[in-house]
>>> print(open('entry-v4.txt').read())   # compact mmCIF, C-alpha atoms (C1' of nucleotides)
# COMPACT_ATOMS: atom_id res chain seq x y z
CA MET Q 569 79.53 114.40 110.48
CA GLY Q 570 82.88 115.13 108.98
CA LEU Q 571 82.57 118.67 110.27
CA THR Q 572 84.80 119.93 113.07
CA LYS Q 573 82.73 120.98 116.10
CA THR Q 574 84.42 124.38 116.51
CA GLU Q 575 81.70 125.62 118.87
CA ILE Q 576 82.83 123.39 121.74
CA PHE Q 577 86.37 124.82 121.71
CA SER Q 578 87.74 128.19 122.75
CA ASP Q 579 88.58 130.86 120.20
CA LYS Q 580 92.22 130.43 121.09
CA GLN Q 581 92.14 126.68 120.52
CA ASN Q 582 90.39 127.14 117.19
CA ALA Q 583 92.81 129.87 116.12
CA LEU Q 584 95.89 127.87 117.00
CA ALA Q 585 94.55 124.79 115.21
CA LYS Q 586 93.87 126.94 112.16
CA MET Q 587 97.44 128.26 112.08
CA ALA Q 588 98.79 124.72 112.50
CA LYS Q 589 96.60 123.60 109.61
CA ALA Q 590 98.17 126.26 107.41
CA LEU Q 591 101.57 124.72 108.21
CA ALA Q 592 100.30 121.18 107.79
CA HIS Q 593 101.43 120.60 104.23
CA PRO Q 594 105.02 120.20 102.98
CA ALA Q 595 104.36 122.48 99.99
CA ARG Q 596 103.35 125.29 102.32
CA ILE Q 597 106.41 124.67 104.51
CA ALA Q 598 108.53 124.80 101.33
CA ILE Q 599 106.86 128.03 100.19
CA LEU Q 600 107.51 129.67 103.56
CA GLU Q 601 111.12 128.47 103.60
CA HIS Q 602 111.69 129.94 100.14
CA MET Q 603 110.28 133.24 101.31
CA LEU Q 604 112.35 133.16 104.50
CA GLU Q 605 115.49 132.51 102.47
CA GLN Q 606 114.35 135.16 99.99
CA LYS Q 607 114.94 132.79 97.14
CA ALA Q 608 111.51 133.35 95.72
CA CYS Q 609 108.52 135.52 96.52
CA ILE Q 610 107.06 135.36 93.01
CA CYS Q 611 104.38 132.76 92.34
CA GLY Q 612 105.99 131.67 89.05
CA ASP Q 613 109.38 131.20 90.70
CA LEU Q 614 107.82 129.03 93.40
CA VAL Q 615 106.17 126.89 90.69
CA THR Q 616 109.61 126.31 89.14
CA GLU Q 617 111.37 125.74 92.46
CA ILE Q 618 108.82 123.40 93.99
CA GLY Q 619 107.50 121.53 90.99
CA LEU Q 620 103.77 121.56 91.50
CA ALA Q 621 101.34 122.95 88.94
CA GLN Q 622 100.75 126.71 88.90
CA ALA Q 623 97.14 126.27 89.99
CA THR Q 624 98.26 124.19 92.97
CA ILE Q 625 100.91 126.66 94.12
CA SER Q 626 98.44 129.52 93.76
CA GLN Q 627 95.98 127.59 95.92
CA HIS Q 628 98.58 126.99 98.64
CA LEU Q 629 99.55 130.67 98.56
CA ARG Q 630 95.93 131.58 99.06
CA GLU Q 631 95.67 129.36 102.13
CA LEU Q 632 98.74 131.00 103.65
CA LYS Q 633 97.31 134.42 102.79
CA ASP Q 634 93.88 133.55 104.22
CA VAL Q 635 95.35 132.87 107.67
CA GLY Q 636 97.49 136.00 107.39
CA LEU Q 637 100.93 134.38 107.47
CA ILE Q 638 101.87 135.99 104.14
CA LYS Q 639 100.77 139.05 102.23
CA GLY Q 640 100.89 139.81 98.51
CA ASN Q 641 102.05 142.91 96.67
CA ILE Q 642 101.18 143.51 93.04
CA GLU Q 643 104.28 144.16 90.94
CA GLY Q 644 103.15 144.86 87.42
CA ASN Q 645 101.60 141.67 86.17
CA ARG Q 646 103.26 139.59 88.87
CA MET Q 647 102.61 139.02 92.56
CA CYS Q 648 105.31 139.32 95.18
CA TYR Q 649 104.40 137.42 98.31
CA CYS Q 650 106.21 137.78 101.59
CA ILE Q 651 105.90 136.84 105.23
CA ASP Q 652 103.63 139.09 107.28
CA GLU Q 653 106.06 139.86 110.08
CA ALA Q 654 103.45 140.81 112.69
CA LYS Q 655 101.34 137.70 112.18
CA TRP Q 656 104.46 135.56 111.91
CA SER Q 657 105.77 136.75 115.26
CA LEU Q 658 102.40 136.40 116.92
CA THR Q 659 102.03 132.84 115.69
CA LYS Q 660 105.50 132.00 116.87
CA LYS Q 661 104.59 133.34 120.32
CA GLU Q 662 101.38 131.34 120.48
CA LEU Q 663 103.17 128.14 119.53
CA VAL Q 664 106.04 128.74 121.95
CA ASP Q 665 103.54 129.48 124.73
CA LEU Q 666 101.90 126.12 124.12
CA PHE Q 667 105.18 124.24 123.99
CA ASN Q 668 106.54 125.99 127.08
CA GLN Q 669 103.75 124.70 129.32
CA LEU Q 670 105.49 121.36 129.68
CA LYS Q 671 105.67 119.92 133.17
CA SER Q 672 106.45 116.36 134.18
CA CYS Q 673 103.47 114.06 134.29
CA CYS Q 674 102.57 110.50 135.18
CA MET N 246 94.95 113.25 92.73
CA GLY N 247 94.00 114.22 96.28
CA LEU N 248 97.27 112.69 97.38
CA THR N 249 100.11 114.83 98.74
CA LYS N 250 103.26 114.49 96.61
CA THR N 251 105.60 113.83 99.52
CA GLU N 252 108.37 112.61 97.21
CA ILE N 253 109.13 116.09 95.90
CA PHE N 254 109.77 117.51 99.39
CA SER N 255 112.62 116.97 101.84
CA ASP N 256 112.26 114.62 104.80
CA LYS N 257 112.44 117.63 107.09
CA GLN N 258 109.65 119.44 105.28
CA ASN N 259 107.47 116.34 105.35
CA ALA N 260 108.20 115.73 109.01
CA LEU N 261 107.42 119.28 110.06
CA ALA N 262 104.19 119.28 108.05
CA LYS N 263 103.22 116.02 109.75
CA MET N 264 103.75 117.48 113.22
CA ALA N 265 101.78 120.58 112.26
CA LYS N 266 98.97 118.34 111.02
CA ALA N 267 98.84 116.64 114.41
CA LEU N 268 98.26 120.08 115.95
CA ALA N 269 95.78 121.12 113.27
CA HIS N 270 92.59 120.29 115.14
CA PRO N 271 91.14 122.13 118.14
CA ALA N 272 90.31 118.85 119.89
CA ARG N 273 93.94 117.79 119.75
CA ILE N 274 95.04 121.22 120.99
CA ALA N 275 92.53 120.83 123.84
CA ILE N 276 93.78 117.33 124.65
CA LEU N 277 97.38 118.53 124.78
CA GLU N 278 96.41 121.51 126.96
CA HIS N 279 94.62 119.22 129.40
CA MET N 280 97.70 117.04 129.62
CA LEU N 281 99.97 120.05 130.03
CA GLU N 282 97.77 121.35 132.85
CA GLN N 283 97.63 117.80 134.22
CA LYS N 284 93.89 118.04 134.47
CA ALA N 285 93.37 114.83 132.61
CA CYS N 286 95.53 112.12 131.11
CA ILE N 287 92.82 109.46 131.16
CA CYS N 288 90.84 108.94 127.98
CA GLY N 289 87.51 108.84 129.82
CA ASP N 290 88.25 112.10 131.62
CA LEU N 291 89.07 113.78 128.33
CA VAL N 292 85.76 112.57 126.90
CA THR N 293 83.96 114.27 129.82
CA GLU N 294 86.05 117.44 129.71
CA ILE N 295 85.95 117.99 125.96
CA GLY N 296 82.51 116.67 125.04
CA LEU N 297 83.19 114.58 121.97
CA ALA N 298 82.26 110.91 121.71
CA GLN N 299 84.61 108.37 123.25
CA ALA N 300 85.43 106.92 119.82
CA THR N 301 86.35 110.37 118.55
CA ILE N 302 88.64 111.21 121.47
CA SER N 303 90.29 107.81 121.17
CA GLN N 304 90.92 108.49 117.49
CA HIS N 305 92.48 111.91 118.24
CA LEU N 306 94.67 110.34 120.92
CA ARG N 307 95.86 107.81 118.41
CA GLU N 308 96.86 110.53 115.96
CA LEU N 309 98.87 112.30 118.65
CA LYS N 310 100.46 108.99 119.64
CA ASP N 311 101.24 108.10 116.00
CA VAL N 312 103.40 111.20 115.57
CA GLY N 313 104.98 110.60 118.98
CA LEU N 314 103.80 113.73 120.77
CA ILE N 315 102.18 111.65 123.52
CA LYS N 316 102.68 108.20 124.94
CA GLY N 317 100.28 105.90 126.74
CA ASN N 318 100.72 103.88 129.91
CA ILE N 319 98.34 101.09 130.82
CA GLU N 320 96.88 101.54 134.30
CA GLY N 321 94.69 98.56 135.00
CA ASN N 322 91.83 98.80 132.52
CA ARG N 323 92.50 102.46 131.83
CA MET N 324 95.05 104.33 129.74
CA CYS N 325 97.10 107.20 131.07
CA TYR N 326 98.39 109.37 128.28
CA CYS N 327 101.04 112.03 128.71
CA ILE N 328 103.30 114.27 126.69
CA ASP N 329 106.44 112.61 125.39
CA GLU N 330 108.94 115.15 126.67
CA ALA N 331 111.73 114.33 124.21
CA LYS N 332 109.52 114.53 121.15
CA TRP N 333 107.74 117.58 122.53
CA SER N 334 111.02 119.47 122.98
CA LEU N 335 112.31 118.42 119.59
CA THR N 336 109.13 119.59 117.89
CA LYS N 337 109.30 122.88 119.72
CA LYS N 338 112.86 123.35 118.49
CA GLU N 339 111.95 122.56 114.89
CA LEU N 340 109.07 125.02 114.94
CA VAL N 341 111.12 127.75 116.62
CA ASP N 342 113.92 127.21 114.08
CA LEU N 343 111.44 127.77 111.27
CA PHE N 344 109.95 130.85 112.87
CA ASN N 345 113.35 132.33 113.73
CA GLN N 346 114.46 132.49 110.11
CA LEU N 347 112.52 135.70 109.58
CA LYS N 348 114.32 138.48 107.71
CA SER N 349 112.81 141.54 106.10
CA CYS N 350 111.66 141.06 102.53
CA CYS N 351 110.18 143.01 99.64
C1' DG V 217 82.26 82.16 137.02
C1' DT V 218 79.22 86.85 135.63
C1' DT V 219 78.79 91.67 135.06
C1' DC V 220 80.53 96.37 134.78
C1' DT V 221 83.94 99.66 133.22
C1' DT V 222 87.27 101.37 130.09
C1' DT V 223 89.40 101.86 125.78
C1' DA V 224 90.35 100.53 120.84
C1' DT V 225 88.78 99.54 116.49
C1' DC V 226 85.47 98.83 112.62
C1' DG V 227 82.24 100.66 109.50
C1' DT V 228 80.11 104.45 107.55
C1' DA V 229 78.32 109.17 106.31
C1' DA V 230 79.43 113.95 105.78
C1' DT V 231 82.81 117.09 104.77
C1' DA V 232 87.54 118.81 103.55
C1' DT V 233 91.92 118.62 101.14
C1' DT V 234 95.00 117.91 97.27
C1' DG V 235 96.20 118.39 92.62
C1' DC V 236 95.62 119.79 87.98
C1' DG V 237 93.63 121.12 83.39
C1' DA V 238 90.98 124.68 81.55
C1' DT V 239 89.78 129.17 81.58
C1' DA V 240 89.41 134.09 83.07
C1' DT V 241 91.68 138.35 84.12
C1' DA V 242 95.06 141.84 83.99
C1' DA V 243 99.36 143.90 82.85
C1' DC V 244 103.10 144.10 79.69
C1' DA V 245 105.35 143.98 74.74
C1' DA V 246 105.19 144.63 69.98
C1' DT L 1018 95.50 146.50 68.37
C1' DT L 1019 97.25 141.73 68.94
C1' DG L 1020 99.91 138.64 71.29
C1' DT L 1021 102.48 137.21 75.41
C1' DT L 1022 103.14 136.53 80.30
C1' DA L 1023 101.59 135.93 85.08
C1' DT L 1024 98.26 134.78 88.36
C1' DA L 1025 93.59 133.51 90.14
C1' DT L 1026 89.72 130.80 90.02
C1' DC L 1027 86.47 127.10 88.45
C1' DG L 1028 85.39 122.35 88.12
C1' DC L 1029 86.45 117.88 88.88
C1' DA L 1030 88.48 113.32 90.54
C1' DA L 1031 91.04 111.03 94.07
C1' DT L 1032 92.02 110.84 98.67
C1' DA L 1033 91.88 112.22 103.65
C1' DT L 1034 89.61 113.83 107.82
C1' DT L 1035 86.00 114.14 111.25
C1' DA L 1036 82.55 112.22 113.98
C1' DC L 1037 79.93 108.64 116.00
C1' DG L 1038 77.33 104.22 116.83
C1' DA L 1039 78.27 99.51 117.37
C1' DT L 1040 81.20 96.16 118.81
C1' DA L 1041 85.41 93.85 120.58
C1' DA L 1042 88.89 93.12 124.11
C1' DA L 1043 90.69 93.22 128.66
C1' DG L 1044 90.84 94.25 133.33
C1' DA L 1045 87.96 95.30 137.72
C1' DA L 1046 84.20 94.25 140.89
C1' DC L 1047 81.10 91.08 142.52
>>> encode(input="entry-v4.txt", output="structure tokens")
Amino acid sequence: MGLTKTEIFSDKQNALAKMAKALAHPARIAILEHMLEQKACICGDLVTEIGLAQATISQHLRELKDVGLIKGNIEGNRMCYCIDEAKWSLTKKELVDLFNQLKSCC
Amino acid sequence: MGLTKTEIFSDKQNALAKMAKALAHPARIAILEHMLEQKACICGDLVTEIGLAQATISQHLRELKDVGLIKGNIEGNRMCYCIDEAKWSLTKKELVDLFNQLKSCC
DNA sequence: GTTCTTTATCGTAATATTGCGATATAACAA
DNA sequence: TTGTTATATCGCAATATTACGATAAAGAAC
């Protein structure tokens, strides 16, 4: 137990849950907001802005990168992360599609 | 450790992360989709449709109820769950607001 | 009343997440 | 070269999540 039974769900359901999981931590929301406001794309700047340890921020960045929401560019000895616009838009669409299905119920 | 440092984030960031967490499991996506399609609002029906144990579905329903995305009405000895339209719309707006902040970056 | 049905909750095992210090790696600075 | 800076990754401890069997509670059916 303790393991999600992904095989009984559709690919779409699993994919959407995975994207939601990437958003399911305030540090990752904060990281994305910083990138959206273009205050900070550099790992070190995010460490200063957010106030978690460098190892922790790096780990959160990796989770966002793993699901494709952000991408990283090497700039000398630093990393500049930014939103992946294609994946961002696609995710927005998938979420809006879910939320737009609302009809009145019981 | 192992505990999210909610105190260093804004209420808004914590709230959005919490809603995302509620969506961060394929079973809960499936439950919401069933309710949206009005195929099943009854716990027992969801157990049959989805194929997880009754205790597990009940637990997922509770998580959705705890964040306010769904509400439950007692119908005799059964429970009819449905989307809470106000909370649903508000959550949609908060997510869309986040996703609409996209500007081009580095 | 008794029994059946339905759902919630408890307890528990397996697994995942969060956070950070320590360390490794790679580019820059001198 | 040596030292500095920036980031990634390892390893670990604390906590959370997932899943389910067993049981409790409450209404329905008899």
>>> calpha_fit_and_write(input="entry-v4.txt", fixed="chain N", moving="chain Q", output="tab-separated table (two decimals) with C-alpha atoms, in the coordinates of the input")
chain	number	residue	atom	x	y	z
Q	569	MET	CA	94.99	113.38	92.67
Q	570	GLY	CA	94.06	114.28	96.19
Q	571	LEU	CA	97.31	112.71	97.33
Q	572	THR	CA	100.12	114.85	98.72
Q	573	LYS	CA	103.27	114.52	96.58
Q	574	THR	CA	105.61	113.84	99.52
Q	575	GLU	CA	108.40	112.64	97.21
Q	576	ILE	CA	109.15	116.14	95.90
Q	577	PHE	CA	109.79	117.52	99.40
Q	578	SER	CA	112.62	116.98	101.85
Q	579	ASP	CA	112.27	114.64	104.80
Q	580	LYS	CA	112.45	117.64	107.08
Q	581	GLN	CA	109.65	119.45	105.27
Q	582	ASN	CA	107.48	116.35	105.34
Q	583	ALA	CA	108.21	115.74	109.02
Q	584	LEU	CA	107.43	119.28	110.05
Q	585	ALA	CA	104.19	119.29	108.05
Q	586	LYS	CA	103.23	116.03	109.73
Q	587	MET	CA	103.76	117.47	113.21
Q	588	ALA	CA	101.77	120.58	112.26
Q	589	LYS	CA	98.97	118.34	111.01
Q	590	ALA	CA	98.83	116.64	114.40
Q	591	LEU	CA	98.26	120.08	115.95
Q	592	ALA	CA	95.79	121.11	113.27
Q	593	HIS	CA	92.60	120.30	115.11
Q	594	PRO	CA	91.14	122.13	118.13
Q	595	ALA	CA	90.30	118.84	119.88
Q	596	ARG	CA	93.94	117.80	119.73
Q	597	ILE	CA	95.04	121.22	121.00
Q	598	ALA	CA	92.52	120.82	123.84
Q	599	ILE	CA	93.78	117.31	124.64
Q	600	LEU	CA	97.38	118.53	124.79
Q	601	GLU	CA	96.42	121.51	126.95
Q	602	HIS	CA	94.62	119.22	129.40
Q	603	MET	CA	97.70	117.04	129.60
Q	604	LEU	CA	99.98	120.05	130.03
Q	605	GLU	CA	97.79	121.34	132.85
Q	606	GLN	CA	97.61	117.80	134.23
Q	607	LYS	CA	93.87	118.05	134.47
Q	608	ALA	CA	93.35	114.83	132.61
Q	609	CYS	CA	95.53	112.12	131.14
Q	610	ILE	CA	92.81	109.46	131.18
Q	611	CYS	CA	90.83	108.93	127.98
Q	612	GLY	CA	87.49	108.85	129.84
Q	613	ASP	CA	88.25	112.11	131.63
Q	614	LEU	CA	89.08	113.79	128.33
Q	615	VAL	CA	85.75	112.58	126.90
Q	616	THR	CA	83.95	114.27	129.82
Q	617	GLU	CA	86.05	117.43	129.70
Q	618	ILE	CA	85.93	117.98	125.96
Q	619	GLY	CA	82.52	116.66	125.03
Q	620	LEU	CA	83.18	114.57	121.97
Q	621	ALA	CA	82.23	110.91	121.73
Q	622	GLN	CA	84.60	108.34	123.24
Q	623	ALA	CA	85.41	106.90	119.83
Q	624	THR	CA	86.34	110.36	118.55
Q	625	ILE	CA	88.61	111.20	121.48
Q	626	SER	CA	90.29	107.81	121.18
Q	627	GLN	CA	90.91	108.50	117.50
Q	628	HIS	CA	92.47	111.90	118.23
Q	629	LEU	CA	94.66	110.35	120.93
Q	630	ARG	CA	95.86	107.81	118.42
Q	631	GLU	CA	96.86	110.53	115.96
Q	632	LEU	CA	98.86	112.30	118.66
Q	633	LYS	CA	100.44	108.98	119.64
Q	634	ASP	CA	101.23	108.07	116.01
Q	635	VAL	CA	103.38	111.19	115.57
Q	636	GLY	CA	104.99	110.58	118.96
Q	637	LEU	CA	103.80	113.72	120.75
Q	638	ILE	CA	102.17	111.64	123.51
Q	639	LYS	CA	102.69	108.19	124.93
Q	640	GLY	CA	100.28	105.89	126.75
Q	641	ASN	CA	100.72	103.87	129.92
Q	642	ILE	CA	98.35	101.08	130.86
Q	643	GLU	CA	96.92	101.56	134.35
Q	644	GLY	CA	94.71	98.61	135.09
Q	645	ASN	CA	91.84	98.82	132.67
Q	646	ARG	CA	92.51	102.47	131.91
Q	647	MET	CA	95.06	104.32	129.79
Q	648	CYS	CA	97.10	107.21	131.11
Q	649	TYR	CA	98.39	109.37	128.30
Q	650	CYS	CA	101.04	112.01	128.72
Q	651	ILE	CA	103.29	114.25	126.69
Q	652	ASP	CA	106.44	112.60	125.37
Q	653	GLU	CA	108.93	115.14	126.65
Q	654	ALA	CA	111.72	114.32	124.19
Q	655	LYS	CA	109.51	114.52	121.12
Q	656	TRP	CA	107.75	117.57	122.52
Q	657	SER	CA	111.01	119.46	122.96
Q	658	LEU	CA	112.30	118.41	119.57
Q	659	THR	CA	109.13	119.59	117.87
Q	660	LYS	CA	109.29	122.87	119.70
Q	661	LYS	CA	112.86	123.33	118.46
Q	662	GLU	CA	111.94	122.55	114.87
Q	663	LEU	CA	109.08	125.02	114.93
Q	664	VAL	CA	111.14	127.74	116.61
Q	665	ASP	CA	113.92	127.19	114.06
Q	666	LEU	CA	111.45	127.78	111.26
Q	667	PHE	CA	109.95	130.86	112.87
Q	668	ASN	CA	113.35	132.32	113.73
Q	669	GLN	CA	114.46	132.48	110.09
Q	670	LEU	CA	112.52	135.69	109.57
Q	671	LYS	CA	114.31	138.45	107.72
Q	672	SER	CA	112.80	141.52	106.11
Q	673	CYS	CA	111.64	141.04	102.56
Q	674	CYS	CA	110.15	142.99	99.69
>>> atom_distance(input="entry-v4.txt", atom1="atom CA of Ile599 of chain Q", atom2="atom CA of Lys661 of chain Q")
20.9 Å
>>> atom_distance(input="entry-v4.txt", atom1="atom CA of Met603 of chain Q", atom2="atom CA of Val664 of chain Q")
21.5 Å
>>> atom_distance(input="entry-v4.txt", atom1="atom CA of Leu277 of chain N", atom2="atom C1' of DC1037 of chain L")
21.9 Å
>>> interface_residues(input="entry-v4.txt", of="chain N", to="chain L", cutoff="9 Å", atoms="all atoms listed in the file", output="PyMOL selection string")
chain N and resi 246-248+297-301+321-323
>>> write_last_selection(input="entry-v4.txt", atoms="C-alpha atoms", output="short mmCIF file (atom, residue, chain, number, x, y, z; two decimals), in the coordinates of the input")
data_model
loop_
_atom_site.label_atom_id
_atom_site.label_comp_id
_atom_site.auth_asym_id
_atom_site.auth_seq_id
_atom_site.Cartn_x
_atom_site.Cartn_y
_atom_site.Cartn_z
CA MET N 246 94.95 113.25 92.73
CA GLY N 247 94.00 114.22 96.28
CA LEU N 248 97.27 112.69 97.38
CA LEU N 297 83.19 114.58 121.97
CA ALA N 298 82.26 110.91 121.71
CA GLN N 299 84.61 108.37 123.25
CA ALA N 300 85.43 106.92 119.82
CA THR N 301 86.35 110.37 118.55
CA GLY N 321 94.69 98.56 135.00
CA ASN N 322 91.83 98.80 132.52
CA ARG N 323 92.50 102.46 131.83
#
>>> closest_residue(input="entry-v4.txt", among="Q:Lys573, Q:Lys633, Q:His628, Q:Lys671", to="Lys655 of chain Q", atoms="only C-alpha atoms")
Q:Lys633
>>> axis_aligned_box(input="entry-v4.txt", around="segment 246-254 of chain N", padding_each_side="5 Å", output="lines of an AutoDock Vina configuration file")
center_x = 101.9
center_y = 115.1
center_z = 96.1
size_x = 25.8
size_y = 14.9
size_z = 16.8
>>> interface_residues(input="entry-v4.txt", of="chain N", to="chain Q", cutoff="10 Å", atoms="only C-alpha atoms", output="ChimeraX atom specification")
/N:249-251,253-275,277-278,280-283,286,295-297,317-318,325-330,333-334,336-338,340-341,343-351
>>> interface_residues(input="entry-v4.txt", of="chain V", to="chain Q", cutoff="10 Å", atoms="all atoms listed in the file", output="ChimeraX atom specification")
/V:229-232,234-237,242-244
>>> closest_residue(input="entry-v4.txt", among="N:Glu252, N:Cys288, N:Lys316, N:Leu335", to="DT223 of chain V", atoms="all atoms listed in the file")
N:Cys288
>>> build_atoms(input="entry-v4.txt", residues="segment 660-668 of chain Q", atoms="all heavy atoms", output="compact mmCIF listing (two decimals), in the frame of the given file")
# COMPACT_ATOMS: atom_id res chain seq x y z
N LYS Q 660 104.36 132.59 116.19
CA LYS Q 660 105.50 132.00 116.87
C LYS Q 660 105.28 132.03 118.38
O LYS Q 660 105.47 131.03 119.08
CB LYS Q 660 106.78 132.77 116.52
CG LYS Q 660 108.00 132.30 117.28
CD LYS Q 660 109.19 133.20 117.05
CE LYS Q 660 110.29 132.95 118.07
NZ LYS Q 660 111.37 133.95 117.96
N LYS Q 661 104.83 133.18 118.89
CA LYS Q 661 104.59 133.34 120.32
C LYS Q 661 103.54 132.35 120.82
O LYS Q 661 103.71 131.70 121.86
CB LYS Q 661 104.15 134.76 120.63
CG LYS Q 661 104.04 135.06 122.12
CD LYS Q 661 103.47 136.43 122.38
CE LYS Q 661 103.28 136.68 123.88
NZ LYS Q 661 102.78 135.51 124.65
N GLU Q 662 102.46 132.23 120.07
CA GLU Q 662 101.38 131.34 120.48
C GLU Q 662 101.84 129.88 120.53
O GLU Q 662 101.47 129.14 121.45
CB GLU Q 662 100.18 131.49 119.53
CG GLU Q 662 99.42 132.80 119.76
CD GLU Q 662 98.37 133.08 118.70
OE1 GLU Q 662 98.30 132.30 117.72
OE2 GLU Q 662 97.64 134.05 118.84
N LEU Q 663 102.65 129.50 119.55
CA LEU Q 663 103.17 128.14 119.53
C LEU Q 663 104.15 127.91 120.67
O LEU Q 663 104.10 126.89 121.37
CB LEU Q 663 103.84 127.85 118.19
CG LEU Q 663 102.89 127.58 117.02
CD1 LEU Q 663 103.64 127.58 115.69
CD2 LEU Q 663 102.16 126.25 117.21
N VAL Q 664 105.05 128.88 120.87
CA VAL Q 664 106.04 128.74 121.95
C VAL Q 664 105.34 128.68 123.31
O VAL Q 664 105.71 127.87 124.17
CB VAL Q 664 107.06 129.90 121.89
CG1 VAL Q 664 107.90 129.93 123.15
CG2 VAL Q 664 107.95 129.73 120.66
N ASP Q 665 104.30 129.50 123.47
CA ASP Q 665 103.54 129.48 124.73
C ASP Q 665 102.96 128.09 124.99
O ASP Q 665 103.01 127.60 126.12
CB ASP Q 665 102.40 130.50 124.67
CG ASP Q 665 102.90 131.92 124.88
OD1 ASP Q 665 104.10 132.09 125.20
OD2 ASP Q 665 102.11 132.87 124.72
N LEU Q 666 102.43 127.48 123.96
CA LEU Q 666 101.90 126.12 124.12
C LEU Q 666 103.01 125.15 124.50
O LEU Q 666 102.87 124.40 125.47
CB LEU Q 666 101.24 125.66 122.81
CG LEU Q 666 100.71 124.20 122.82
CD1 LEU Q 666 99.47 124.08 123.68
CD2 LEU Q 666 100.43 123.70 121.41
N PHE Q 667 104.10 125.22 123.77
CA PHE Q 667 105.18 124.24 123.99
C PHE Q 667 105.93 124.47 125.30
O PHE Q 667 106.56 123.56 125.82
CB PHE Q 667 106.13 124.22 122.79
CG PHE Q 667 105.65 123.35 121.69
CD1 PHE Q 667 104.78 123.84 120.73
CD2 PHE Q 667 106.04 122.02 121.62
CE1 PHE Q 667 104.30 123.01 119.72
CE2 PHE Q 667 105.57 121.19 120.62
CZ PHE Q 667 104.70 121.69 119.65
N ASN Q 668 105.84 125.70 125.83
CA ASN Q 668 106.54 125.99 127.08
C ASN Q 668 105.78 125.56 128.33
O ASN Q 668 106.31 125.63 129.43
CB ASN Q 668 106.82 127.50 127.18
CG ASN Q 668 108.11 127.84 126.45
OD1 ASN Q 668 108.90 126.98 126.11
ND2 ASN Q 668 108.30 129.12 126.20
